[in-house]
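Content type CSV, C-alpha atoms, from the file work.csv:
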chain,number,residue,atom,x,y,z
A,1,ILE,CA,8.5,7.9,10.8
A,2,THR,CA,11.1,5.2,10.2
A,3,LYS,CA,13.9,4.4,7.7
A,4,GLY,CA,12.5,4.4,4.2
A,5,TYR,CA,13.2,2.6,0.9
A,6,GLY,CA,16.8,3.2,-0.1
A,7,THR,CA,19.6,4.5,2.0
A,8,ASP,CA,18.7,8.0,3.2
A,9,SER,CA,15.0,8.5,3.1
A,10,ASN,CA,12.2,8.3,5.6
A,11,ALA,CA,8.9,6.4,5.4
A,12,LEU,CA,5.6,6.3,7.3
A,13,LYS,CA,5.2,3.5,9.8
A,14,VAL,CA,1.7,2.4,10.9
A,15,SER,CA,1.8,0.3,14.1
A,16,GLY,CA,-0.6,-0.8,16.7
A,17,ARG,CA,-3.0,-2.3,14.2
A,18,HIS,CA,-5.7,-4.4,16.0
A,19,TYR,CA,-7.9,-5.0,13.0
A,20,TYR,CA,-7.4,-6.3,9.5
A,21,ASP,CA,-8.7,-3.2,7.8
A,22,TRP,CA,-6.7,-0.7,9.9
A,23,GLY,CA,-4.2,1.2,7.8
A,24,VAL,CA,-3.4,4.7,6.6
A,25,TYR,CA,-5.4,7.0,4.4
A,26,GLN,CA,-4.1,9.3,1.7
A,27,TYR,CA,-6.7,11.9,0.7
A,28,ILE,CA,-6.4,13.3,-2.9
A,29,HIS,CA,-7.7,16.7,-3.7
A,30,ASP,CA,-10.3,16.8,-6.4
A,31,SER,CA,-8.3,19.3,-8.4
A,32,CYS,CA,-5.8,16.4,-9.1
A,33,LEU,CA,-8.4,14.1,-10.5
A,34,SER,CA,-10.5,14.0,-13.7
A,35,ALA,CA,-13.6,11.9,-14.3
A,36,GLY,CA,-13.1,9.3,-17.0
A,37,HIS,CA,-9.4,9.2,-16.6
A,38,MET,CA,-7.2,6.2,-15.6
A,39,PHE,CA,-4.6,6.5,-12.9
A,40,LYS,CA,-1.7,4.3,-11.8
A,41,VAL,CA,-0.7,3.9,-8.2
A,42,THR,CA,2.6,2.5,-7.1
A,43,ALA,CA,4.3,2.3,-3.7
A,44,LYS,CA,7.0,0.5,-1.7
A,45,LEU,CA,5.9,-1.5,1.3
A,46,LYS,CA,7.7,-3.2,4.1
A,47,MET,CA,6.2,-5.0,7.1
A,48,THR,CA,7.4,-5.8,10.5
A,49,LYS,CA,6.0,-8.0,13.3
A,50,GLU,CA,7.2,-8.7,16.8
A,51,GLY,CA,9.3,-11.9,16.7
A,52,ALA,CA,9.8,-11.7,12.9
A,53,GLU,CA,12.7,-9.3,12.7
A,54,PRO,CA,14.1,-7.6,10.7
A,55,TRP,CA,10.9,-7.9,8.6
A,56,TRP,CA,7.7,-9.9,8.1
A,57,GLU,CA,7.1,-11.8,4.8
A,58,CYS,CA,3.6,-12.1,3.4
A,59,ASN,CA,2.4,-14.7,0.9
A,60,ILE,CA,0.9,-13.3,-2.4
A,61,GLU,CA,-1.0,-16.6,-3.0
A,62,SER,CA,-2.4,-17.1,0.5
A,63,THR,CA,-6.1,-17.2,1.2
A,64,ASP,CA,-5.4,-17.2,4.9
A,65,ARG,CA,-5.7,-13.8,6.5
A,66,ASN,CA,-2.8,-14.5,8.8
A,67,TYR,CA,-0.4,-14.4,5.8
A,68,TYR,CA,-2.2,-11.9,3.4
A,69,CYS,CA,-0.2,-9.3,1.6
A,70,PRO,CA,-1.6,-5.8,2.2
A,71,SER,CA,-3.3,-3.9,-0.6
A,72,ILE,CA,-4.3,-0.4,-1.5
A,73,THR,CA,-8.0,0.3,-1.7
A,74,ALA,CA,-9.8,3.4,-2.9
A,75,LYS,CA,-13.0,4.9,-1.8
A,76,ASP,CA,-16.0,3.1,-3.5
A,77,HIS,CA,-13.6,1.1,-5.7
A,78,GLY,CA,-12.3,-1.8,-3.5
A,79,VAL,CA,-8.7,-3.0,-4.2
A,80,VAL,CA,-6.9,-0.9,-6.7
A,81,ALA,CA,-3.3,-2.0,-6.1
A,82,SER,CA,-1.7,-5.2,-4.7
A,83,VAL,CA,1.8,-6.5,-3.9
A,84,VAL,CA,3.3,-7.5,-7.2
A,85,GLY,CA,6.6,-8.8,-6.0
A,86,LYS,CA,9.7,-8.3,-3.9
A,87,SER,CA,11.9,-5.2,-4.6
A,88,GLY,CA,15.1,-3.7,-3.4
A,89,LYS,CA,18.4,-5.3,-2.8
A,90,SER,CA,20.9,-4.6,-0.1
A,91,ASP,CA,24.7,-4.3,-0.7
A,92,ASP,CA,25.1,-8.1,-0.4
A,93,ASN,CA,22.5,-8.7,-3.0
A,94,GLU,CA,19.9,-10.2,-0.6
A,95,TRP,CA,16.3,-9.1,-0.5
A,96,ASP,CA,15.8,-6.4,2.2
A,97,GLY,CA,12.1,-6.9,2.9
A,98,TRP,CA,10.6,-4.3,0.6
A,99,TYR,CA,7.7,-5.1,-1.8
A,100,ASP,CA,6.5,-3.4,-4.9
A,101,VAL,CA,2.8,-2.5,-4.9
A,102,SER,CA,1.1,-1.5,-8.1
A,103,GLY,CA,-2.3,-1.1,-9.8
A,104,THR,CA,-4.7,1.1,-11.7
A,105,PHE,CA,-8.1,2.6,-11.3
A,106,GLN,CA,-10.5,4.8,-13.2
A,107,MET,CA,-12.1,7.9,-11.8
A,108,TYR,CA,-15.8,8.4,-12.1
A,109,GLU,CA,-17.8,11.6,-11.8
A,110,ARG,CA,-19.1,10.4,-8.4
A,111,ASP,CA,-15.5,10.2,-7.2
A,112,VAL,CA,-14.4,13.7,-8.2
A,113,VAL,CA,-17.1,15.5,-6.2
A,114,ASN,CA,-16.5,13.6,-3.0
A,115,ASP,CA,-13.5,13.3,-0.7
A,116,PHE,CA,-11.4,10.7,-2.5
A,117,TYR,CA,-8.8,8.6,-0.8
A,118,LEU,CA,-6.5,5.7,-1.1
A,119,LYS,CA,-6.0,3.4,2.0
A,120,ILE,CA,-3.2,1.0,2.6
A,121,GLU,CA,-4.7,-1.9,4.6
A,122,ARG,CA,-5.6,-5.6,4.7
A,123,ALA,CA,-2.4,-6.9,6.4
A,124,PRO,CA,-2.8,-9.4,9.2
A,125,ILE,CA,-3.5,-8.1,12.6
A,126,GLY,CA,-0.4,-7.1,14.5
A,127,VAL,CA,1.7,-6.5,11.4
A,128,ASP,CA,3.2,-3.0,11.2
A,129,LEU,CA,3.2,-1.4,7.7
A,130,ILE,CA,6.0,0.8,6.4
A,131,ILE,CA,4.9,2.8,3.4
A,132,ASP,CA,7.2,4.8,1.1
A,133,ASN,CA,7.3,6.3,-2.4
A,134,ILE,CA,3.5,6.4,-3.0
A,135,ILE,CA,2.9,7.8,-6.5
A,136,VAL,CA,-0.4,8.4,-8.2
A,137,SER,CA,-0.1,9.4,-11.8
A,138,GLU,CA,-2.5,9.8,-14.7
A,139,ILE,CA,-2.2,7.3,-17.5
A,140,LEU,CA,-2.0,9.3,-20.6
A,141,LYS,CA,-3.7,8.1,-23.8
Show me, as C-alpha cells, the structure contained in the file I just sent.
Amino acid sequence: ITKGYGTDSNALKVSGRHYYDWGVYQYIHDSCLSAGHMFKVTAKLKMTKEGAEPWWECNIESTDRNYYCPSITAKDHGVVASVVGKSGKSDDNEWDGWYDVSGTFQMYERDVVNDFYLKIERAPIGVDLIIDNIIVSEILK
C-alpha cells in the first residue's frame, strides 16, 4: 500500500518484479459479468524505478521492452486496456507521474463460466507499479 491518486487515498504497489509479465491480478466474480456484453475498464497508474525518482516515465510509442508502458490484460483476451495519456496535476500545475489507462472488452460465454481476471502487467523489469481507481463497468446499449 502506498499513496494513491489524489491527496488522501491509498493505492496498491507491486514491487520486486523480475519478469516482464509479473503484475497483479484482479479476479471478477461471474455474477458481475454477462456473456455478450461489453465492458469498459479504467485505472490510474504510476510507476517508480530505483534511480528515477519520484517516478518513472514510459513511452507509449516505444517498441523497446525497456520503455514499454504497462497494460491491462484479461484472461483469454490479451490486452484490453492501455496507457492513453498522462493524468493528474499537482498544485503547481506540473504532471505528477500518474497515467490514465483505458480500454474495452467483450465477455463471451466461455469467460463467464471460468475464473475471469484482469492483470496489470507488461512494464519493464524492475519497474514498480502503483495501481489506483480500477473501475470495470458495463457499457449500456
Take the point (13.0, -11.4, 0.7) in the file's coordinates, draw a sphere of radius 10 Å around it, and report as a PDB file with C-alpha atoms, in the coordinates of the input every protein, DNA or RNA residue with an atom inside or on it, counting all atoms listed in the file.
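Result file follows (out.pdb):
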ATOM      1  CA  TRP A  55      10.900  -7.900   8.600  1.00  0.00           C
ATOM      2  CA  TRP A  56       7.700  -9.900   8.100  1.00  0.00           C
ATOM      3  CA  GLU A  57       7.100 -11.800   4.800  1.00  0.00           C
ATOM      4  CA  CYS A  58       3.600 -12.100   3.400  1.00  0.00           C
ATOM      5  CA  GLY A  85       6.600  -8.800  -6.000  1.00  0.00           C
ATOM      6  CA  LYS A  86       9.700  -8.300  -3.900  1.00  0.00           C
ATOM      7  CA  SER A  87      11.900  -5.200  -4.600  1.00  0.00           C
ATOM      8  CA  GLY A  88      15.100  -3.700  -3.400  1.00  0.00           C
ATOM      9  CA  LYS A  89      18.400  -5.300  -2.800  1.00  0.00           C
ATOM     10  CA  GLU A  94      19.900 -10.200  -0.600  1.00  0.00           C
ATOM     11  CA  TRP A  95      16.300  -9.100  -0.500  1.00  0.00           C
ATOM     12  CA  ASP A  96      15.800  -6.400   2.200  1.00  0.00           C
ATOM     13  CA  GLY A  97      12.100  -6.900   2.900  1.00  0.00           C
ATOM     14  CA  TRP A  98      10.600  -4.300   0.600  1.00  0.00           C
ATOM     15  CA  TYR A  99       7.700  -5.100  -1.800  1.00  0.00           C
TER      16      TYR A  99
END
Which residues of region 52-116 of chain A come within 10 Å of region 7-26 of chain A, and what is each one's closest atom pair and distance in Å (one decimal), counting only C-alpha atoms, sorted by chain and residue number, as a Markdown table?
| residue | atom | partner | partner_atom | distance |
| --- | --- | --- | --- | --- |
| A:Arg65 | CA | A:Tyr20 | CA | 8.3 |
| A:Asn66 | CA | A:Tyr20 | CA | 9.4 |
| A:Tyr68 | CA | A:Tyr20 | CA | 9.8 |
| A:Pro70 | CA | A:Gly23 | CA | 9.3 |
| A:Ser71 | CA | A:Gly23 | CA | 9.9 |
| A:Ile72 | CA | A:Gly23 | CA | 9.4 |
| A:Thr73 | CA | A:Tyr25 | CA | 9.4 |
| A:Ala74 | CA | A:Tyr25 | CA | 9.3 |
| A:Ser90 | CA | A:Thr7 | CA | 9.4 |
| A:Phe116 | CA | A:Gln26 | CA | 8.5 |
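For the atom pair formed by CA of Ala81 (chain A) and CA of Glu50 (chain A), the distance is 26.1 Å, given to one decimal.
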- Query: Please, what distance in Å, to one decimal, runs between CA of Thr48 (chain A) and CA of Thr104 (chain A)?
  - Reply: 26.2 Å
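Across the structure, CA of Leu140 (chain A) and CA of Gly103 (chain A) are spaced 15.0 Å apart.
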- Item | Contacts of Lys49 (chain A) within 9 Å, all atoms listed in the file, excl. fewer than 4 positions in-chain, as a ChimeraX atom specification | /A:53-56,126-128
Saved selection, atoms kept: C-alpha atoms, as a PDB file, keeping the file's coordinate frame:
ATOM      1  CA  GLU A  53      12.700  -9.300  12.700  1.00  0.00           C
ATOM      2  CA  PRO A  54      14.100  -7.600  10.700  1.00  0.00           C
ATOM      3  CA  TRP A  55      10.900  -7.900   8.600  1.00  0.00           C
ATOM      4  CA  TRP A  56       7.700  -9.900   8.100  1.00  0.00           C
ATOM      5  CA  GLY A 126      -0.400  -7.100  14.500  1.00  0.00           C
ATOM      6  CA  VAL A 127       1.700  -6.500  11.400  1.00  0.00           C
ATOM      7  CA  ASP A 128       3.200  -3.000  11.200  1.00  0.00           C
TER       8      ASP A 128
END
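Residue nearest Asp30 (chain A) within the list A:Asn114, A:Ser82, A:Ser102, A:Thr63: A:Asn114 [criterion: smallest interatomic distance, all atoms listed in the file].
Between Lys75 (chain A) and the candidates A:Ile120, A:Ile125, A:Met47, A:Ala52, the tightest atom-to-atom separation, counting all atoms listed in the file, involves A:Ile120.
Of the residues listed (A:Ile28, A:Val41, A:Ala35, A:Met107), A:Val41 shows the shortest atom-to-atom separation from Ser137 (chain A); distances use all atoms listed in the file.
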- So which one's closest to Asn59 (chain A), A:Cys32, A:Leu129, A:Ile1, A:Val84? Using all atoms listed in the file, please. A:Val84
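Neighbours of Ile135 (chain A) closer than or equal to 9 Å, with all atoms listed in the file counted and sequence neighbours fewer than 4 positions away skipped, come out as Lys40, Val41, Thr42 and Ala43 of chain A.
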Residue subset to file, keeping C-alpha atoms, as a tab-separated table (two decimals), in the coordinates of the input:
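Contents of again.tsv, freshly written:
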chain	number	residue	atom	x	y	z
A	40	LYS	CA	-1.70	4.30	-11.80
A	41	VAL	CA	-0.70	3.90	-8.20
A	42	THR	CA	2.60	2.50	-7.10
A	43	ALA	CA	4.30	2.30	-3.70
- Task: Would you please work out which residue, of A:Ala123, A:Ile131, A:Ser34, A:Val83, is nearest to Val101 (chain A) when using only C-alpha atoms?
- Result: A:Val83
